[in-house]
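Asks: This is the structure I have questions about; it appears just below.
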Amino acid sequence: MPRFHFDIHENGRFIPDEHGQDFVNVEGARKEAVLTGASIARDAFVAGSAHQVVVDVRKEGSPCMTISITLAVEPA
Amino acid sequence: MTGDAIRAALVRRLRLTSNISEDDIKEIEALPISVRQFPAEMPVVRDGERATDCCLIADGFCVRSKTIANGKRQILSIHIPGEIPDLMSLFLHVMDHELSTLTPSTLGFISHETLQKLHRRAPNIAEMFWRDTLIDAAMFREWIVNVGQRPAPSRLAHVMIELRERLRIIGRVDGDHFEMPMTQEQIGEALGITAVHANRVIKQLRQEGILEFHRGRVTVLDERKFLELADFDDRYLHQSPTL
């Protein structure tokens, strides 16, 4: 199984993933990246500590995909 | 480890958390126990299995967990030496979740038949074990609240403080340090978040000067902030028999 790493950017703050995890395919890694981004965003958006969470997925060390979650609050 | 040492782990905990009498301690010390060693991350009793024994942890850490259809696992509780994490199997014979080891563990198995006879002979022990299972339920309630309502850093702090207060009873807290032999993935499974999110939370708590987590060991750096973050009230652990 290929090894995937999930590096996080929260409002530009970088949190590298030194461990990585094995997934059967890219689809498995995509789900993990979305779950990770959404759960970090849930806390950070509520706390107001960030309005954007980006998860950079690497497959076997090479860039594989980027998932970006942005909060948009528009006053009426 | 001998059967005597295994019974001692249970007796030690019962002496501290209940009003156990010397006669009842003799009953426990006379219990036939079969000792088995388990490697790390090994199922002890599987979901759906029919249990014939209850298992007393003499050494090591175990977890109860449930795995759903998509393969995701939720850790439900962490168990430490001196505890009998599957006491409910005495009455609920088919397991509705799994008990597995976190670390290499020494487990003592007591047959259901033996425990049933003991309960009839020593109703005080039956009541003590009943109380134990009620405290288990109180911990599950707290974990539901934790996973359902708290943000991830508070979830982690809460689970850590709960573990520390239980380890304290068995003399396993060393100043600001205590063991929590879990991987980031396992911590994620206990908190309902991914391993990567767990890693991020651990780093945040270190950056904020609250605690360090390294190789399954927690070092508390700021007790006041740690308690505040965890929103922890130890009432639900019912550790003193007089409360």
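Identifiers for the structure tokens are assigned positionally: chains receive A, B, ... in sequence, residues are indexed from 1 per chain, and ligands are indexed from 1 in the order shown.
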List every residue of range 2-241 of chain B that DSSP, applied to the backbone, labels as alpha helix (DSSP H), and write the result as a ChimeraX atom specification.

Replies: /B:3-17,22-29,112-121,123-149,152-169,184-191,195-207,223-230

Asks: Can you write just those residues out, C-alpha atoms, as a CSV table (one decimal), in the first residue's frame?

Replies:
chain,number,residue,atom,x,y,z
B,3,GLY,CA,-1.7,-15.7,40.1
B,4,ASP,CA,-1.0,-14.0,43.5
B,5,ALA,CA,0.5,-10.9,41.9
B,6,ILE,CA,-2.5,-10.7,39.6
B,7,ARG,CA,-5.0,-10.9,42.4
B,8,ALA,CA,-2.9,-8.3,44.2
B,9,ALA,CA,-3.6,-5.8,41.4
B,10,LEU,CA,-7.3,-6.1,42.0
B,11,VAL,CA,-7.1,-6.1,45.8
B,12,ARG,CA,-5.0,-3.0,45.7
B,13,ARG,CA,-7.6,-1.1,43.7
B,14,LEU,CA,-10.6,-2.4,45.7
B,15,ARG,CA,-8.9,-1.4,49.0
B,16,LEU,CA,-8.7,2.1,47.8
B,17,THR,CA,-12.0,2.5,46.0
B,22,GLU,CA,-10.6,-8.7,55.1
B,23,ASP,CA,-12.8,-11.7,54.7
B,24,ASP,CA,-13.7,-10.6,51.1
B,25,ILE,CA,-10.1,-10.0,50.3
B,26,LYS,CA,-9.4,-13.6,51.3
B,27,GLU,CA,-12.2,-14.7,48.9
B,28,ILE,CA,-10.5,-12.8,46.1
B,29,GLU,CA,-7.1,-14.1,47.0
B,112,HIS,CA,-18.0,-16.9,34.8
B,113,GLU,CA,-18.9,-20.0,36.9
B,114,THR,CA,-16.3,-19.1,39.5
B,115,LEU,CA,-17.5,-15.5,39.7
B,116,GLN,CA,-21.2,-16.5,39.9
B,117,LYS,CA,-20.4,-18.8,42.9
B,118,LEU,CA,-18.3,-16.0,44.5
B,119,HIS,CA,-21.2,-13.6,44.1
B,120,ARG,CA,-23.6,-15.9,45.9
B,121,ARG,CA,-21.1,-16.6,48.7
B,123,PRO,CA,-22.7,-10.6,48.3
B,124,ASN,CA,-20.5,-7.7,49.3
B,125,ILE,CA,-18.1,-8.5,46.4
B,126,ALA,CA,-21.1,-8.8,44.0
B,127,GLU,CA,-22.1,-5.3,45.1
B,128,MET,CA,-18.5,-4.0,44.6
B,129,PHE,CA,-18.4,-5.4,41.1
B,130,TRP,CA,-21.9,-4.1,40.4
B,131,ARG,CA,-20.6,-0.6,41.5
B,132,ASP,CA,-17.6,-1.1,39.2
B,133,THR,CA,-19.8,-1.6,36.1
B,134,LEU,CA,-21.9,1.4,37.1
B,135,ILE,CA,-18.7,3.5,37.2
B,136,ASP,CA,-17.8,2.1,33.8
B,137,ALA,CA,-21.2,3.4,32.6
B,138,ALA,CA,-20.5,6.8,34.2
B,139,MET,CA,-17.2,6.9,32.2
B,140,PHE,CA,-19.0,6.1,29.0
B,141,ARG,CA,-21.4,9.0,29.6
B,142,GLU,CA,-18.5,11.3,30.1
B,143,TRP,CA,-16.9,10.0,26.9
B,144,ILE,CA,-20.1,10.7,24.9
B,145,VAL,CA,-20.2,14.2,26.2
B,146,ASN,CA,-16.5,14.6,25.4
B,147,VAL,CA,-16.7,13.3,21.8
B,148,GLY,CA,-20.0,15.0,21.2
B,149,GLN,CA,-19.5,18.5,22.6
B,152,ALA,CA,-10.5,18.4,20.0
B,153,PRO,CA,-7.9,19.9,22.3
B,154,SER,CA,-10.3,19.7,25.2
B,155,ARG,CA,-11.2,16.1,24.3
B,156,LEU,CA,-7.6,15.1,24.5
B,157,ALA,CA,-7.0,16.9,27.7
B,158,HIS,CA,-10.1,15.3,29.3
B,159,VAL,CA,-9.2,11.7,28.3
B,160,MET,CA,-5.6,12.3,29.5
B,161,ILE,CA,-6.7,13.7,33.0
B,162,GLU,CA,-9.2,10.8,33.4
B,163,LEU,CA,-6.4,8.3,32.7
B,164,ARG,CA,-4.1,10.1,35.1
B,165,GLU,CA,-6.6,10.2,37.9
B,166,ARG,CA,-7.2,6.4,37.5
B,167,LEU,CA,-3.4,5.7,37.3
B,168,ARG,CA,-2.9,7.7,40.4
B,169,ILE,CA,-5.1,5.2,42.4
B,184,GLN,CA,-1.6,9.1,17.2
B,185,GLU,CA,-4.0,6.9,15.3
B,186,GLN,CA,-5.3,5.3,18.5
B,187,ILE,CA,-5.7,8.8,20.1
B,188,GLY,CA,-7.7,9.8,17.1
B,189,GLU,CA,-9.9,6.8,17.5
B,190,ALA,CA,-10.6,7.7,21.1
B,191,LEU,CA,-11.4,11.3,20.3
B,195,ALA,CA,-4.6,10.6,13.3
B,196,VAL,CA,-3.4,13.8,11.5
B,197,HIS,CA,-5.8,16.0,13.5
B,198,ALA,CA,-4.6,14.2,16.7
B,199,ASN,CA,-1.0,15.0,15.7
B,200,ARG,CA,-2.0,18.7,15.2
B,201,VAL,CA,-3.7,18.8,18.6
B,202,ILE,CA,-0.7,17.3,20.4
B,203,LYS,CA,1.6,19.9,18.7
B,204,GLN,CA,-0.8,22.7,19.7
B,205,LEU,CA,-0.8,21.7,23.4
B,206,ARG,CA,3.0,21.6,23.3
B,207,GLN,CA,3.3,25.0,21.6
B,223,GLU,CA,-1.3,22.0,35.4
B,224,ARG,CA,-3.7,25.0,35.7
B,225,LYS,CA,-4.1,25.4,31.9
B,226,PHE,CA,-4.4,21.6,31.5
B,227,LEU,CA,-7.3,21.4,34.0
B,228,GLU,CA,-9.0,24.4,32.5
B,229,LEU,CA,-8.8,23.0,29.0
B,230,ALA,CA,-10.1,19.6,30.0

Asks: Name all residues at most 8 Å from Glu41 in chain B (count only C-alpha atoms; drop same-chain ones fewer than 5 positions away) and give them as a tab-separated table (two decimals) with N, CA and C atoms, in the first residue's frame.

Replies:
chain	number	residue	atom	x	y	z
B	100	SER	N	-9.39	-5.28	23.56
B	100	SER	CA	-8.09	-5.63	22.99
B	100	SER	C	-6.98	-4.95	23.77
B	101	THR	N	-5.76	-5.44	23.60
B	101	THR	CA	-4.62	-4.86	24.31
B	101	THR	C	-4.10	-3.66	23.52
B	102	LEU	N	-3.54	-2.69	24.26
B	102	LEU	CA	-2.79	-1.60	23.63
B	102	LEU	C	-1.30	-1.96	23.65
B	103	THR	N	-0.88	-2.46	24.81
B	103	THR	CA	0.53	-2.80	25.04
B	103	THR	C	0.61	-4.30	25.34
B	104	PRO	N	1.82	-4.88	25.35
B	104	PRO	CA	1.92	-6.27	25.83
B	104	PRO	C	1.32	-6.34	27.24

Asks: Mind listing as a PyMOL selection string which residues of chain A are within 12 Å of chain B, counting only C-alpha atoms?

Replies: chain A and resi 4-10+13-22+28-29+31-47+53+55-57

Asks: Take the residues from that selection and put them in a file with N, CA and C atoms, as a short mmCIF file (atom, residue, chain, number, x, y, z; two decimals), in the first residue's frame.

Replies:
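Dumped to result_22.cif:
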data_model
loop_
_atom_site.label_atom_id
_atom_site.label_comp_id
_atom_site.auth_asym_id
_atom_site.auth_seq_id
_atom_site.Cartn_x
_atom_site.Cartn_y
_atom_site.Cartn_z
N PHE A 4 0.92 7.83 2.44
CA PHE A 4 0.47 9.20 2.22
C PHE A 4 0.80 10.06 3.43
N HIS A 5 1.18 11.30 3.15
CA HIS A 5 1.39 12.29 4.21
C HIS A 5 0.40 13.43 4.04
N PHE A 6 -0.03 13.98 5.15
CA PHE A 6 -1.05 15.04 5.13
C PHE A 6 -0.50 16.27 5.86
N ASP A 7 0.03 17.22 5.10
CA ASP A 7 0.55 18.46 5.70
C ASP A 7 -0.58 19.47 5.80
N ILE A 8 -0.62 20.18 6.92
CA ILE A 8 -1.73 21.11 7.15
C ILE A 8 -1.23 22.55 7.14
N HIS A 9 -2.03 23.41 6.50
CA HIS A 9 -1.79 24.86 6.58
C HIS A 9 -3.05 25.48 7.17
N GLU A 10 -2.88 26.18 8.29
CA GLU A 10 -4.03 26.86 8.90
C GLU A 10 -3.72 28.34 8.87
N ARG A 13 -0.20 28.93 8.78
CA ARG A 13 0.61 28.20 9.76
C ARG A 13 0.77 26.75 9.28
N PHE A 14 2.01 26.31 9.23
CA PHE A 14 2.31 25.01 8.61
C PHE A 14 2.52 23.93 9.68
N ILE A 15 1.79 22.83 9.56
CA ILE A 15 1.98 21.70 10.47
C ILE A 15 2.28 20.46 9.63
N PRO A 16 3.57 20.10 9.55
CA PRO A 16 3.93 18.96 8.70
C PRO A 16 3.52 17.63 9.33
N ASP A 17 3.27 16.65 8.50
CA ASP A 17 2.95 15.29 8.96
C ASP A 17 4.21 14.45 8.81
N GLU A 18 4.84 14.15 9.93
CA GLU A 18 6.09 13.36 9.87
C GLU A 18 5.80 11.86 9.79
N HIS A 19 4.59 11.46 10.18
CA HIS A 19 4.32 10.02 10.31
C HIS A 19 3.85 9.37 9.01
N GLY A 20 2.77 9.94 8.45
CA GLY A 20 2.19 9.34 7.26
C GLY A 20 1.38 8.10 7.58
N GLN A 21 0.52 7.73 6.64
CA GLN A 21 -0.32 6.54 6.82
C GLN A 21 -0.48 5.83 5.49
N ASP A 22 -0.72 4.53 5.57
CA ASP A 22 -0.92 3.75 4.35
C ASP A 22 -2.40 3.71 3.98
N GLY A 28 -8.96 6.62 -0.82
CA GLY A 28 -8.89 6.48 0.65
C GLY A 28 -8.19 7.67 1.28
N ALA A 29 -7.10 8.11 0.65
CA ALA A 29 -6.35 9.25 1.16
C ALA A 29 -7.16 10.54 1.04
N LYS A 31 -10.44 10.82 1.26
CA LYS A 31 -11.43 10.82 2.34
C LYS A 31 -10.78 11.24 3.65
N GLU A 32 -9.59 10.71 3.90
CA GLU A 32 -8.87 11.02 5.14
C GLU A 32 -8.53 12.52 5.18
N ALA A 33 -8.11 13.07 4.03
CA ALA A 33 -7.75 14.48 3.97
C ALA A 33 -8.97 15.37 4.22
N VAL A 34 -10.13 14.99 3.64
CA VAL A 34 -11.34 15.79 3.83
C VAL A 34 -11.79 15.72 5.29
N LEU A 35 -11.78 14.50 5.86
CA LEU A 35 -12.16 14.34 7.27
C LEU A 35 -11.26 15.18 8.17
N THR A 36 -9.96 15.13 7.89
CA THR A 36 -8.99 15.87 8.69
C THR A 36 -9.23 17.37 8.57
N GLY A 37 -9.34 17.85 7.32
CA GLY A 37 -9.54 19.28 7.09
C GLY A 37 -10.84 19.76 7.73
N ALA A 38 -11.92 18.97 7.56
CA ALA A 38 -13.22 19.40 8.08
C ALA A 38 -13.21 19.43 9.60
N SER A 39 -12.54 18.45 10.22
CA SER A 39 -12.57 18.43 11.68
C SER A 39 -11.66 19.50 12.28
N ILE A 40 -10.55 19.81 11.61
CA ILE A 40 -9.71 20.92 12.08
C ILE A 40 -10.47 22.25 11.86
N ALA A 41 -11.12 22.36 10.70
CA ALA A 41 -11.86 23.59 10.38
C ALA A 41 -12.98 23.83 11.39
N ARG A 42 -13.66 22.78 11.78
CA ARG A 42 -14.77 22.89 12.74
C ARG A 42 -14.31 23.61 14.00
N ASP A 43 -13.17 23.17 14.56
CA ASP A 43 -12.65 23.80 15.79
C ASP A 43 -12.12 25.21 15.51
N ALA A 44 -11.31 25.32 14.45
CA ALA A 44 -10.61 26.58 14.19
C ALA A 44 -11.60 27.69 13.78
N PHE A 45 -12.61 27.35 12.98
CA PHE A 45 -13.58 28.35 12.53
C PHE A 45 -14.41 28.85 13.72
N VAL A 46 -14.81 27.94 14.58
CA VAL A 46 -15.62 28.33 15.74
C VAL A 46 -14.80 29.19 16.68
N ALA A 47 -13.53 28.77 16.91
CA ALA A 47 -12.66 29.52 17.82
C ALA A 47 -12.23 30.85 17.20
N VAL A 53 -8.39 26.29 6.01
CA VAL A 53 -7.60 25.10 6.34
C VAL A 53 -7.27 24.39 5.03
N VAL A 55 -5.18 21.10 3.33
CA VAL A 55 -4.47 19.83 3.55
C VAL A 55 -3.76 19.46 2.26
N ASP A 56 -2.44 19.44 2.32
CA ASP A 56 -1.61 19.03 1.17
C ASP A 56 -1.31 17.56 1.32
N VAL A 57 -1.75 16.78 0.34
CA VAL A 57 -1.53 15.34 0.42
C VAL A 57 -0.33 14.96 -0.44
#

Asks: Could you pull out all residues of chain A with a DSSP call of strand (DSSP E or B) and give them as a VMD selection string?

Replies: chain A and resid 3 to 10 13 to 15 21 to 22 52 to 59 62 to 70

Asks: Output N, CA and C atoms of each residue in that selection to a file, as a compact mmCIF listing (two decimals), in the first residue's frame.

Replies:
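Just written: out-v7.txt:
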# COMPACT_ATOMS: atom_id res chain seq x y z
N ARG A 3 2.21 5.02 0.81
CA ARG A 3 2.19 5.83 2.03
C ARG A 3 1.85 7.28 1.68
N PHE A 4 0.92 7.83 2.44
CA PHE A 4 0.47 9.20 2.22
C PHE A 4 0.80 10.06 3.43
N HIS A 5 1.18 11.30 3.15
CA HIS A 5 1.39 12.29 4.21
C HIS A 5 0.40 13.43 4.04
N PHE A 6 -0.03 13.98 5.15
CA PHE A 6 -1.05 15.04 5.13
C PHE A 6 -0.50 16.27 5.86
N ASP A 7 0.03 17.22 5.10
CA ASP A 7 0.55 18.46 5.70
C ASP A 7 -0.58 19.47 5.80
N ILE A 8 -0.62 20.18 6.92
CA ILE A 8 -1.73 21.11 7.15
C ILE A 8 -1.23 22.55 7.14
N HIS A 9 -2.03 23.41 6.50
CA HIS A 9 -1.79 24.86 6.58
C HIS A 9 -3.05 25.48 7.17
N GLU A 10 -2.88 26.18 8.29
CA GLU A 10 -4.03 26.86 8.90
C GLU A 10 -3.72 28.34 8.87
N ARG A 13 -0.20 28.93 8.78
CA ARG A 13 0.61 28.20 9.76
C ARG A 13 0.77 26.75 9.28
N PHE A 14 2.01 26.31 9.23
CA PHE A 14 2.31 25.01 8.61
C PHE A 14 2.52 23.93 9.68
N ILE A 15 1.79 22.83 9.56
CA ILE A 15 1.98 21.70 10.47
C ILE A 15 2.28 20.46 9.63
N GLN A 21 0.52 7.73 6.64
CA GLN A 21 -0.32 6.54 6.82
C GLN A 21 -0.48 5.83 5.49
N ASP A 22 -0.72 4.53 5.57
CA ASP A 22 -0.92 3.75 4.35
C ASP A 22 -2.40 3.71 3.98
N GLN A 52 -9.18 29.56 7.01
CA GLN A 52 -8.87 28.64 5.91
C GLN A 52 -8.01 27.48 6.41
N VAL A 53 -8.39 26.29 6.01
CA VAL A 53 -7.60 25.10 6.34
C VAL A 53 -7.27 24.39 5.03
N VAL A 54 -5.99 24.16 4.81
CA VAL A 54 -5.55 23.48 3.59
C VAL A 54 -4.83 22.19 4.00
N VAL A 55 -5.18 21.10 3.33
CA VAL A 55 -4.47 19.83 3.55
C VAL A 55 -3.76 19.46 2.26
N ASP A 56 -2.44 19.44 2.32
CA ASP A 56 -1.61 19.03 1.17
C ASP A 56 -1.31 17.56 1.32
N VAL A 57 -1.75 16.78 0.34
CA VAL A 57 -1.53 15.34 0.42
C VAL A 57 -0.33 14.96 -0.44
N ARG A 58 0.60 14.24 0.17
CA ARG A 58 1.74 13.71 -0.59
C ARG A 58 1.59 12.19 -0.67
N LYS A 59 1.89 11.65 -1.86
CA LYS A 59 1.88 10.19 -2.03
C LYS A 59 3.32 9.76 -2.28
N SER A 62 5.68 12.61 -2.99
CA SER A 62 5.42 13.58 -4.07
C SER A 62 4.02 14.17 -3.93
N PRO A 63 3.85 15.46 -4.33
CA PRO A 63 2.53 16.09 -4.24
C PRO A 63 1.47 15.26 -4.95
N CYS A 64 0.29 15.12 -4.31
CA CYS A 64 -0.76 14.25 -4.85
C CYS A 64 -2.05 15.03 -5.04
N MET A 65 -2.46 15.79 -4.01
CA MET A 65 -3.64 16.65 -4.15
C MET A 65 -3.68 17.65 -3.00
N THR A 66 -4.46 18.73 -3.21
CA THR A 66 -4.63 19.74 -2.17
C THR A 66 -6.12 19.91 -1.90
N ILE A 67 -6.47 19.88 -0.62
CA ILE A 67 -7.86 20.10 -0.23
C ILE A 67 -7.92 21.39 0.56
N SER A 68 -8.81 22.27 0.14
CA SER A 68 -8.88 23.59 0.78
C SER A 68 -10.29 23.83 1.29
N ILE A 69 -10.39 24.25 2.55
CA ILE A 69 -11.71 24.54 3.14
C ILE A 69 -11.66 25.97 3.66
N THR A 70 -12.58 26.81 3.17
CA THR A 70 -12.56 28.23 3.53
C THR A 70 -13.88 28.63 4.15

Asks: Just to confirm, what's the straight-line distance from CA of Asn11 in chain A to CA of Gly209 in chain B in Å (one decimal)?

Replies: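 Spanning CA of Asn11 in chain A to CA of Gly209 in chain B is a straight-line distance of 21.2 Å.
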